Amino acid sequence: MSHSNGLSEDKFTELLTQVTEFRDREIAPYVIDWEKTRTFPANAIASAHELGLLGMEISPELGGLGMSFGQKLKVLDVLSEVSMPYAFSLVNSHNVAARLARHGTEDQKDRFLPDLLSGNKLGSTALTEPDAGSDFSSISTQATREQDGWRLNGEKAWITNAARSTVIVAYAQTEPGARARGIASFLIDGTQEGFERVAPYDLIGSHAIGTGGFRLNDYFTSHADLLAPAGEGFSAALATINEARTYVASMCCAMVEASLRTSVDYASKRESFGRPIIEHQGLSWQLARVANQLEAARALTAKAIMVIEKEDSEAAILPAAHAKKFATEFVEPALTACAQAMGANGLKEESLLGHRLTAARVANYVDGSTEIMTDRIAKTLRNTYA
Ligand SMILES: Cc1cc2nc3c(=O)[nH]c(=O)nc-3n(C[C@H](O)[C@H](O)[C@H](O)COP(=O)(O)OP(=O)(O)OC[C@H]3O[C@@H](n4cnc5c(N)ncnc54)[C@H](O)[C@@H]3O)c2cc1C
């Protein structure tokens, strides 16, 4: 995938200020309510189009902002400080638009790009099924070739934005038993016959991701909406996965940084035994450990961003796996340490620590679980160190 050099520093600084104001006005006041009412805030996600955020990496000629990958991650960080689920939903819809902008036909761009950029429609990418997650090549959604196109049958599960999305990049098996070799991808229109939405899941949190599923019941798609033919679907799915792993790592860092700020501020004001609690070594060392690991996670993420921006997707596999593994393993203990420093007050919903903890759980699964990251690194050990 080709990456833009991005906005000028001045323009980007101005945009980040606007994103922060937008976040504090349109997201922060509602985050707790969304969780309590198990709401998928489709309208709030759509309203990000006011700043062009649904087209962050898309070129200006096609109606996007033309940001670089690193700039996109900075925007996602600002949003994740308040709600990583919101940022995750937004970027997932953005990614479908970006894919169509780069690789779609003129007809697909005409049909879907304006609505995706305006938030009128939301996008999803659907690999996972009820019986196939980490082992993506074992998907069983079946694509059967017909004269004018393809007939699709099967069920997708755990799909971001599936609560409302109607522009979906879905992966299906064209030859049972062929595993990766038979996987193709299709552009699915969720308003067409044969598309049946499954109710979103009741989760412990992160409802703003709008995670749900859908069934394809004899869904027909023309040849024109075959995105990647059999043999190319599997690698097409992996082509952008390093980017996703890197932004998930970055979002974890943003959640920890925001929590650390709240905790340090609290521990500097709250007193016990005649002094601010941050002056008790037993406590300040716990937060120092969080700060230390945050620096390491940021450095690993920065390395992955650098390699991705050099357009070397093969070389990005390992840095992205290192960044995501480290970030997802440190984020939960780090958030817990921040909560511990706030005593019982850390339990209050308004601290957002509970909201961030469930988002941290989510980070451990999406775009390749922590174990799959470890396995990626393990597979390169002999090449790297022998
Ligand atoms: C909020 C949310 C949003 C999501 N959004 C999307 C989306 O938009 N699109 C999409 O396609 N999917 C999405 N997913 C699904 C996600 O990609 C899967 O959860 C992930 O691939 C893991 O699959 P699984 O949950 O089925 O776990 P499984 O694959 O069943 O694994 C269960 C456990 O076993 C471990 N495990 C599996 N294989 C190995 C191995 N070889 N070695 C060691 N351990 C192993 C896993 O790490 C995990 O801990 C989403 C998930 C969540 C929670």
# chains A, B, ... in the order shown; residues from 1 in each chain; ligands from 1
>>> closest_atom_pairs(of="segment 218-252 of chain A", to="segment 295-300 of chain A", cutoff="10 Å", atoms="only C-alpha atoms", output="Markdown table")
| residue | atom | partner | partner_atom | distance |
| --- | --- | --- | --- | --- |
| A:Thr246 | CA | A:Leu300 | CA | 9.2 |
| A:Ala249 | CA | A:Ala297 | CA | 7.6 |
| A:Ser250 | CA | A:Arg298 | CA | 7.1 |
| A:Cys252 | CA | A:Ala297 | CA | 8.8 |
>>> residues_around(residues="segment 64-69 of chain A", least_positions_apart="6", cutoff="8 Å", atoms="only C-alpha atoms", output="list of chain:residue names")
A:His3, A:Ser4, A:Asn5, A:Gly6, A:Leu7, A:Gly52, A:Leu53, A:Leu54, A:Gly55, A:Met56, A:Glu57, A:Ile58, A:Leu117, A:Ile305, A:Ile308, A:Glu309
>>> residues_near_ligand(ligand="ligand 1", cutoff="8 Å", atoms="only C-alpha atoms and all ligand atoms", output="number ranges by chain")
A: 92, 124-136, 156-162, 206, 209-211, 361-363, 365-372, 375
>>> residues_around(residues="segment 22-25 of chain A", least_positions_apart="5", cutoff="12 Å", atoms="only C-alpha atoms", output="ChimeraX atom specification")
/A:15-17,30-31,44-45,47-53,75-84,86-87
>>> closest_residue(among="A:Ser272, A:Leu353, A:Asn242, A:Pro176", to="Glu257 of chain A", atoms="only C-alpha atoms")
A:Leu353
>>> decode(residues="segment 289-360 of chain A", atoms="C-alpha atoms", output="mmCIF file, in the first residue's frame")
data_model
loop_
_atom_site.group_PDB
_atom_site.id
_atom_site.type_symbol
_atom_site.label_atom_id
_atom_site.label_comp_id
_atom_site.auth_asym_id
_atom_site.auth_seq_id
_atom_site.Cartn_x
_atom_site.Cartn_y
_atom_site.Cartn_z
ATOM 1 C CA ARG A 289 7.355 1.254 36.106
ATOM 2 C CA VAL A 290 4.295 2.196 34.024
ATOM 3 C CA ALA A 291 6.137 5.246 32.637
ATOM 4 C CA ASN A 292 9.161 3.110 31.818
ATOM 5 C CA GLN A 293 7.099 0.503 29.947
ATOM 6 C CA LEU A 294 5.149 3.230 28.160
ATOM 7 C CA GLU A 295 8.430 4.624 26.788
ATOM 8 C CA ALA A 296 9.394 1.151 25.562
ATOM 9 C CA ALA A 297 5.973 0.549 23.958
ATOM 10 C CA ARG A 298 6.121 3.958 22.253
ATOM 11 C CA ALA A 299 9.612 3.212 20.908
ATOM 12 C CA LEU A 300 8.521 -0.147 19.470
ATOM 13 C CA THR A 301 5.466 1.498 17.912
ATOM 14 C CA ALA A 302 7.585 4.299 16.425
ATOM 15 C CA LYS A 303 9.867 1.693 14.829
ATOM 16 C CA ALA A 304 6.881 -0.097 13.262
ATOM 17 C CA ILE A 305 5.494 3.229 11.958
ATOM 18 C CA MET A 306 8.859 4.085 10.410
ATOM 19 C CA VAL A 307 9.108 0.755 8.557
ATOM 20 C CA ILE A 308 5.465 0.907 7.398
ATOM 21 C CA GLU A 309 5.973 4.419 6.033
ATOM 22 C CA LYS A 310 8.912 3.078 4.007
ATOM 23 C CA GLU A 311 6.373 0.867 2.192
ATOM 24 C CA ASP A 312 8.155 -2.401 3.001
ATOM 25 C CA SER A 313 5.284 -4.638 4.119
ATOM 26 C CA GLU A 314 7.495 -7.729 4.468
ATOM 27 C CA ALA A 315 9.918 -5.847 6.709
ATOM 28 C CA ALA A 316 7.002 -4.476 8.776
ATOM 29 C CA ILE A 317 5.768 -7.894 9.956
ATOM 30 C CA LEU A 318 8.231 -8.279 12.824
ATOM 31 C CA PRO A 319 8.254 -4.677 14.166
ATOM 32 C CA ALA A 320 4.442 -4.613 14.106
ATOM 33 C CA ALA A 321 4.273 -7.941 15.982
ATOM 34 C CA HIS A 322 6.810 -6.717 18.569
ATOM 35 C CA ALA A 323 4.908 -3.453 19.066
ATOM 36 C CA LYS A 324 1.489 -5.100 19.425
ATOM 37 C CA LYS A 325 2.711 -7.922 21.675
ATOM 38 C CA PHE A 326 4.507 -5.565 24.049
ATOM 39 C CA ALA A 327 1.706 -2.999 24.128
ATOM 40 C CA THR A 328 -1.103 -5.506 24.694
ATOM 41 C CA GLU A 329 0.824 -7.324 27.409
ATOM 42 C CA PHE A 330 1.674 -4.167 29.337
ATOM 43 C CA VAL A 331 -1.579 -2.227 28.923
ATOM 44 C CA GLU A 332 -3.730 -4.090 31.459
ATOM 45 C CA PRO A 333 -1.231 -4.177 34.390
ATOM 46 C CA ALA A 334 -0.378 -0.537 33.581
ATOM 47 C CA LEU A 335 -4.022 0.572 33.741
ATOM 48 C CA THR A 336 -4.490 -1.407 36.962
ATOM 49 C CA ALA A 337 -1.463 0.322 38.522
ATOM 50 C CA CYS A 338 -2.939 3.698 37.571
ATOM 51 C CA ALA A 339 -6.249 2.694 39.194
ATOM 52 C CA GLN A 340 -4.430 1.434 42.314
ATOM 53 C CA ALA A 341 -2.760 4.818 42.788
ATOM 54 C CA MET A 342 -6.197 6.421 42.928
ATOM 55 C CA GLY A 343 -7.453 4.133 45.681
ATOM 56 C CA ALA A 344 -11.206 3.525 45.621
ATOM 57 C CA ASN A 345 -11.673 6.620 43.443
ATOM 58 C CA GLY A 346 -10.057 4.689 40.587
ATOM 59 C CA LEU A 347 -13.198 2.537 40.500
ATOM 60 C CA LYS A 348 -15.454 5.430 39.587
ATOM 61 C CA GLU A 349 -16.676 5.297 36.013
ATOM 62 C CA GLU A 350 -15.756 8.939 35.451
ATOM 63 C CA SER A 351 -12.050 7.993 35.800
ATOM 64 C CA LEU A 352 -12.533 6.064 32.482
ATOM 65 C CA LEU A 353 -10.150 3.417 33.819
ATOM 66 C CA GLY A 354 -12.811 0.679 33.663
ATOM 67 C CA HIS A 355 -13.736 1.721 30.123
ATOM 68 C CA ARG A 356 -10.067 1.564 29.141
ATOM 69 C CA LEU A 357 -9.573 -1.819 30.821
ATOM 70 C CA THR A 358 -12.193 -3.507 28.653
ATOM 71 C CA ALA A 359 -10.744 -1.781 25.591
ATOM 72 C CA ALA A 360 -7.342 -3.156 26.603
#
